[in-house]
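Below is one structure, written out as structure tokens; comments come after it.
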Amino acid sequence: MFLGVTPARRLLVHSRNSKSRISVRGAALDSALSAFRAICDKDSVVLGDAVREQHGKDESIHRCRPPDVVVFPRCVEEVSALVKVCHNHRLPIIPFGTGTGLEGGVGAVNGGICFSLRNMDQVLDLHQEDFDVTVEPGVTRKALNSFLRETGLWFPVDPGADASLCGMAATSASGTNAVRYGTMRENVINLEVVLADGNIIHTAGRGRRSRKTSAGYNLTNLFVGSEGTLGIITKTTLRLYGIPEAMVSAVCSFPSVQAAVDSTVQVLQAGVPIARIEFLDDVMIDACNKFSSLSYPVTPTLFLEFHGSERSLEEQVQAAEGITQGNGGSDFQWARDTETRNRLWKARHDAWYAALALRPGCKAYATDVCVPLSQLPQIIVETKMDLIENRLTGPIAGHVGDGNFHCLMVVDPDDPEEIHRVHLFTERLARRALAMNGTCTGEHGVGLGKRALLCEEMGPATMKVMQDLKDALDPNNLMNPEKILQSRRR
């Protein structure tokens, strides 16, 4: 008992309060809908179940949380006007790009309005001589690189999925090329953001696109990785790079995880400007062999890629081959032409589908952590033992040059007990990384799935600063609520 109130009474009060909140939200929605339709055409305001469900989930194993309404704005002015309506009616706002996230970041936990940004799909400003471009949130990385094809430029950040570039900024995405070109944090120059009250800001100043700045607070990197909890990113200005004169790919097998990681560290220490260096464990290689009819040795394997001039590539490959052989590497294969390079990389590119093929009819879920390079062999060995002991299928692939790796968990969605074991495993994996001075997520983000782990990683003082920033920019907790930060009791 608490202050003489019985549990049944508390449940009744909670039920009434919940019904009251639902009733209030329903009234707010009815009032907001007419305002939405005055801002957008009627086809841009959708209440149908199929569309709402499509926008209530991503690629994670978190259940679908559909919004009450999906709106499809066509410009930043419409985004701003729609957000002002939501602000006035205290309606939650959930930005949506392509839905390729992996931590439940688009679920409408408290209902509300999903802003689907796919119709804002213009490449706005390309400055070839300055190596930068500004894009709207509906532009994906593949679409941008297709647009750039004749310019001799490209945007190298590659998370695997054809994600929207503003969504990649919102989650601080990276991928296979990060060891050479960096993550989204290093490649975003400026952002246009619509705040929770509908005001529009430019994080580095309107139109600013200098390669570096020391002016004021770094608001750009505040919003990179904010996962829609501080505002809606409606434009991003990105760094571009010259397409390399030539590329060479290589594959090498190793007797142990330690040998593969030692080779990686030594390649980096030798100053070899490696563009990609990817790790697949023996389970993943075996799955890829079966799925893609390949014949790689079933041992820990590195996939490497080198970018540069013809002369520099010869030096890079020679240095890398010598290092890998010194660590017991064998079956060193390399390829220069595009067709052979693609064939060499096929195992890595098909890893997701190869993992799924291990258990037909099941679903795949990827979780990631990142640790200092020296800790990578230990955490991979301990993780593999954990998977075996708990009867879980989780081949490992990683961006080994960054100390970042993924377990591609293959799970039966109709088996609650197995799903529970997967959840427990992912928590153990993250805490193992934290114990090694790493992070609970290298590139997937926090979303719903890693909020408690973020608190453990950052500590209460840092979390309070994050919460204070959230309260300052979004005092009504409307922007993608329940993501990154734990629920607040009001």
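We label chains A, B, ... in the order they appear in the structure tokens, count residues from 1 in each chain, and number ligands from 1 in the order shown.
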Per-residue nearest contacts of segment 338-456 of chain A to segment 276-299 of chain A (12 Å; only C-alpha atoms) as CSV:
residue,atom,partner,partner_atom,distance
A:Arg343,CA,A:Leu294,CA,9.5
A:Leu344,CA,A:Leu294,CA,9.5
A:Trp345,CA,A:Glu278,CA,9.9
A:Lys346,CA,A:Ser292,CA,7.6
A:Ala347,CA,A:Cys288,CA,5.3
A:Arg348,CA,A:Leu280,CA,7.6
A:His349,CA,A:Cys288,CA,9.5
A:Asp350,CA,A:Cys288,CA,7.0
A:Ala351,CA,A:Cys288,CA,6.2
A:Trp352,CA,A:Cys288,CA,9.2
A:Tyr353,CA,A:Phe291,CA,7.8
A:Ala354,CA,A:Cys288,CA,5.2
A:Ala355,CA,A:Ala287,CA,6.2
A:Leu356,CA,A:Ala287,CA,9.0
A:Ala357,CA,A:Phe291,CA,7.0
A:Leu358,CA,A:Ala287,CA,6.7
A:Arg359,CA,A:Ala287,CA,10.5
A:Pro360,CA,A:Phe291,CA,11.8
A:Leu376,CA,A:Phe279,CA,11.0
A:Pro377,CA,A:Asp281,CA,11.1
A:Ile380,CA,A:Asp281,CA,8.9
A:Val381,CA,A:Asp281,CA,10.1
A:Thr383,CA,A:Asp281,CA,11.4
A:Lys384,CA,A:Asp281,CA,9.4
A:Leu387,CA,A:Val283,CA,11.3
A:Ile388,CA,A:Val283,CA,11.3
A:Thr393,CA,A:Val283,CA,9.2
A:Gly394,CA,A:Val283,CA,8.3
A:Pro395,CA,A:Met284,CA,4.8
A:Ile396,CA,A:Asp281,CA,5.5
A:Ala397,CA,A:Leu280,CA,4.5
A:Gly398,CA,A:Phe279,CA,5.0
A:His399,CA,A:Glu278,CA,4.9
A:Val400,CA,A:Glu278,CA,5.6
A:Gly401,CA,A:Ile277,CA,5.9
A:Asp402,CA,A:Ile277,CA,9.0
A:Gly403,CA,A:Phe279,CA,10.1
A:Asn404,CA,A:Glu278,CA,9.8
A:Phe405,CA,A:Phe279,CA,8.1
A:His406,CA,A:Leu280,CA,9.7
A:Cys407,CA,A:Met284,CA,9.8
A:Leu408,CA,A:Met284,CA,9.0
A:Met409,CA,A:Met284,CA,11.3
A:Val410,CA,A:Met284,CA,11.9
For this session: Run DSSP on the backbone and grab whatever in segment 53-183 of chain A lands in strand (DSSP E); send it over as a ChimeraX atom specification.
Result: /A:69-71,93-96,113-116,123-127,132-135,153-154
Find the nearest atom pair between each residue of segment 77-173 of chain A and segment 467-487 of chain A for residues within 7 Å, count only C-alpha atoms, give distances in Å to one decimal, sort rows by chain and ascending number, and present the table as JSON lines.
{"residue": "A:Arg90", "atom": "CA", "partner": "A:Leu478", "partner_atom": "CA", "distance": 6.9}
{"residue": "A:Leu91", "atom": "CA", "partner": "A:Leu478", "partner_atom": "CA", "distance": 6.4}
{"residue": "A:Pro92", "atom": "CA", "partner": "A:Leu478", "partner_atom": "CA", "distance": 4.3}
{"residue": "A:Ile93", "atom": "CA", "partner": "A:Met479", "partner_atom": "CA", "distance": 5.0}
{"residue": "A:Ile94", "atom": "CA", "partner": "A:Asn480", "partner_atom": "CA", "distance": 4.7}
{"residue": "A:Gly105", "atom": "CA", "partner": "A:Lys483", "partner_atom": "CA", "distance": 6.5}
{"residue": "A:Val109", "atom": "CA", "partner": "A:Glu482", "partner_atom": "CA", "distance": 6.9}
Problem set entry | Secondary structure check, alpha helix (DSSP H) residues of segment 118-359 of chain A, as a count of residues only | 85
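Nearest-residue note for Glu192 of chain A: choosing from A:His127, A:Val76, A:Ser249, A:Asn119, the minimum distance belongs to A:Val76, counting only C-alpha atoms.
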